[in-house]
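Encoded as structure tokens, the structure appears first; notes follow it.
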Amino acid sequence: MFLLAGLGNPGPKYAGNRHNIGFMALDAICRRHRLGPLRKRFQAMTAEGEIGGEKVIALFPETYMNESGRAVGEAMRFYKVPLDHIIVFHDELDLPPAKLRIKKGGGNAGHNGLRSITAQCGNDYWRVRLGIGHPGDKAMVMPYVLGDFAKAEKGWLDALCDACADFADLLVTGRADEFQNRAHLFMDAQGFADPKRVGEKG
């Protein structure tokens with residue numbers, strides 16, 4: 001079994017926030033692979049099903065970002081999911097918009113959701129880092145991540161979520177590098193390879 005966790009804040013107030021791109025990507029995966037129906041448990045909304053022949057549970061924590069590890073930890077312990085079968089989708093300030101990277105373990109780069117998961121579960125889980133760009137000033141980070149995506153960003157945002165959904169089977173069959181490469185090729189084909197064009201394509 002694999003545990004796919006999207007990070008974000010619950011409720012309509014936060015639904016369009018940059019901080020919620022993890023929720024958005026996981027929602028696209030649930031739709032594409034027909035996971036569900038949604039159930040409330042583990043301090044989260046969850047959906048179950050199969051991707052690539054593997055049983056998966058999709059988890060949307062309702063604990064708010066800073067306590068994401070409580071929900072992930074509960075589900076992990078209940079299902080006895082190995083740490084390297086946990087895949088977390090989250091916003092990444094240090095990547096340009098429309099870019100994606102995947103890594104196992106490593107630092108949390110000040111991301112409170114990741115810090116909470118590491119504290120509750122351990123550090124060697126997979127992270128799908130979804131680039132949202134940086135506002136350029138540390139003092140602006142909080143209003144930036146808690147601000148909604150602009151209409152001009154909708155094109156690359158939808159494409160990035162589609163890439164996560166299209167190639168999710170590679171994540172659960174041990175082909176993380178191929179997932180990243182295929183996602184990059186997909187975004188290139190959609191016209192989002194050049195950061196200068198990301199805003200133009202919305």
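Here, A, B, ... name the chains of the structure tokens in the order displayed, residue numbers run from 1 inside each chain, and ligands are numbered from 1 in the same displayed order.
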Hey, which bits of region 56-119 of chain A sit within 12 Å of region 30-34 of chain A, and for each residue what's the closest pair of atoms and how far apart in Å (one decimal), counting only C-alpha atoms, rows by chain and increasing number, as a Markdown table?
| residue | atom | partner | partner_atom | distance |
| --- | --- | --- | --- | --- |
| A:Val56 | CA | A:Cys30 | CA | 10.2 |
| A:Ile57 | CA | A:Cys30 | CA | 9.6 |
| A:Ala58 | CA | A:Cys30 | CA | 7.4 |
| A:Leu59 | CA | A:Cys30 | CA | 10.1 |
| A:Phe60 | CA | A:Cys30 | CA | 11.0 |
Write out the residues from the selection above, keeping N, CA and C atoms, as an mmCIF file, in the first residue's frame.
data_model
loop_
_atom_site.group_PDB
_atom_site.id
_atom_site.type_symbol
_atom_site.label_atom_id
_atom_site.label_comp_id
_atom_site.auth_asym_id
_atom_site.auth_seq_id
_atom_site.Cartn_x
_atom_site.Cartn_y
_atom_site.Cartn_z
ATOM 1 N N VAL A 56 -3.757 2.200 -2.994
ATOM 2 C CA VAL A 56 -3.329 3.507 -2.494
ATOM 3 C C VAL A 56 -4.431 4.117 -1.643
ATOM 4 N N ILE A 57 -4.014 4.942 -0.712
ATOM 5 C CA ILE A 57 -4.939 5.786 0.024
ATOM 6 C C ILE A 57 -4.470 7.224 -0.162
ATOM 7 N N ALA A 58 -5.387 8.067 -0.623
ATOM 8 C CA ALA A 58 -5.107 9.495 -0.787
ATOM 9 C C ALA A 58 -5.593 10.212 0.464
ATOM 10 N N LEU A 59 -4.775 11.095 0.989
ATOM 11 C CA LEU A 59 -5.077 11.718 2.269
ATOM 12 C C LEU A 59 -4.935 13.230 2.171
ATOM 13 N N PHE A 60 -6.018 13.928 2.552
ATOM 14 C CA PHE A 60 -6.044 15.386 2.595
ATOM 15 C C PHE A 60 -6.194 15.792 4.065
#
Item to check | Polymer residues at most 7 Å from Pro61 (chain A), only C-alpha atoms, same-chain spacing of 5 or more positions, as number ranges by chain | outcome: A: 7, 43-45, 68, 71
Counting only C-alpha atoms, what are the residues of region 83-151 of chain A within 12 Å of region 176-194 of chain A, and for each of them which pair of atoms is the nearest and at what distance in Å, to one decimal? Sort the table by chain and rising number, as a tab-separated table.
residue	atom	partner	partner_atom	distance
A:Asp84	CA	A:Ala176	CA	11.6
A:His85	CA	A:Ala176	CA	11.7
A:Ile87	CA	A:Ala176	CA	10.4
A:Pro96	CA	A:Asp194	CA	10.1
A:Pro97	CA	A:Phe192	CA	9.3
A:Ala98	CA	A:Phe192	CA	6.8
A:Lys99	CA	A:His184	CA	7.6
A:Leu100	CA	A:Gln180	CA	7.0
A:Arg101	CA	A:Gln180	CA	6.3
A:Ile102	CA	A:Gln180	CA	6.5
A:Lys103	CA	A:Ala176	CA	8.2
A:Lys104	CA	A:Ala176	CA	9.4
A:Trp126	CA	A:Ala176	CA	9.0
A:Arg127	CA	A:Ala176	CA	10.3
A:Val128	CA	A:Gln180	CA	8.9
A:Arg129	CA	A:Gln180	CA	10.3
A:Leu130	CA	A:Gln180	CA	11.1
With C-alpha atoms retained, could you export that selection as a PDB file, in the first residue's frame?
ATOM      1  CA  ASP A  84       9.311   4.918   1.677  1.00  0.00           C
ATOM      2  CA  HIS A  85       5.719   4.232   0.537  1.00  0.00           C
ATOM      3  CA  ILE A  87       4.518  10.316  -1.120  1.00  0.00           C
ATOM      4  CA  PRO A  96      10.022  28.437 -10.274  1.00  0.00           C
ATOM      5  CA  PRO A  97       6.314  28.214 -11.064  1.00  0.00           C
ATOM      6  CA  ALA A  98       5.386  25.199 -13.236  1.00  0.00           C
ATOM      7  CA  LYS A  99       8.486  23.220 -12.218  1.00  0.00           C
ATOM      8  CA  LEU A 100       8.420  19.878 -10.407  1.00  0.00           C
ATOM      9  CA  ARG A 101      11.078  17.910  -8.576  1.00  0.00           C
ATOM     10  CA  ILE A 102      10.923  14.700  -6.582  1.00  0.00           C
ATOM     11  CA  LYS A 103      13.246  13.589  -3.825  1.00  0.00           C
ATOM     12  CA  LYS A 104      13.354  11.159  -0.928  1.00  0.00           C
ATOM     13  CA  TRP A 126       9.100  10.925  -0.885  1.00  0.00           C
ATOM     14  CA  ARG A 127       8.345  14.591  -1.600  1.00  0.00           C
ATOM     15  CA  VAL A 128       6.888  15.833  -4.870  1.00  0.00           C
ATOM     16  CA  ARG A 129       7.946  19.487  -4.844  1.00  0.00           C
ATOM     17  CA  LEU A 130       5.569  21.666  -6.863  1.00  0.00           C
TER      18      LEU A 130
END
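Candidate residues A:Gly16, A:Gly53, A:Gly69, A:Gly36 were compared for distance to Glu153 (chain A), and the nearest is A:Gly16, using only C-alpha atoms.
With CA of Asp169 (chain A) on one side and CA of Gly133 (chain A) on the other, the separation reads 26.8 Å.
Among the candidates A:Tyr144, A:Trp156, A:Phe89, A:Phe78, the residue lying nearest to Arg41 (chain A) is A:Phe78 (atoms considered: only C-alpha atoms).
As for CA of Asp124 (chain A) and CA of Gly6 (chain A), they are spaced 16.7 Å apart.
Between CA of Val88 (chain A) and CA of Met140 (chain A) lies a distance of 24.9 Å.
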Checklist outcome for this item: Using only C-alpha atoms, the residue out of A:Lys151, A:Lys40, A:Ile51, A:Met65 with shortest distance to Phe23 (chain A) is A:Met65
Item to check | Close residues, His111 (chain A) itself excluded, 10 Å, only C-alpha atoms, min 6 positions apart in chain, as a count of residues only | outcome: 6
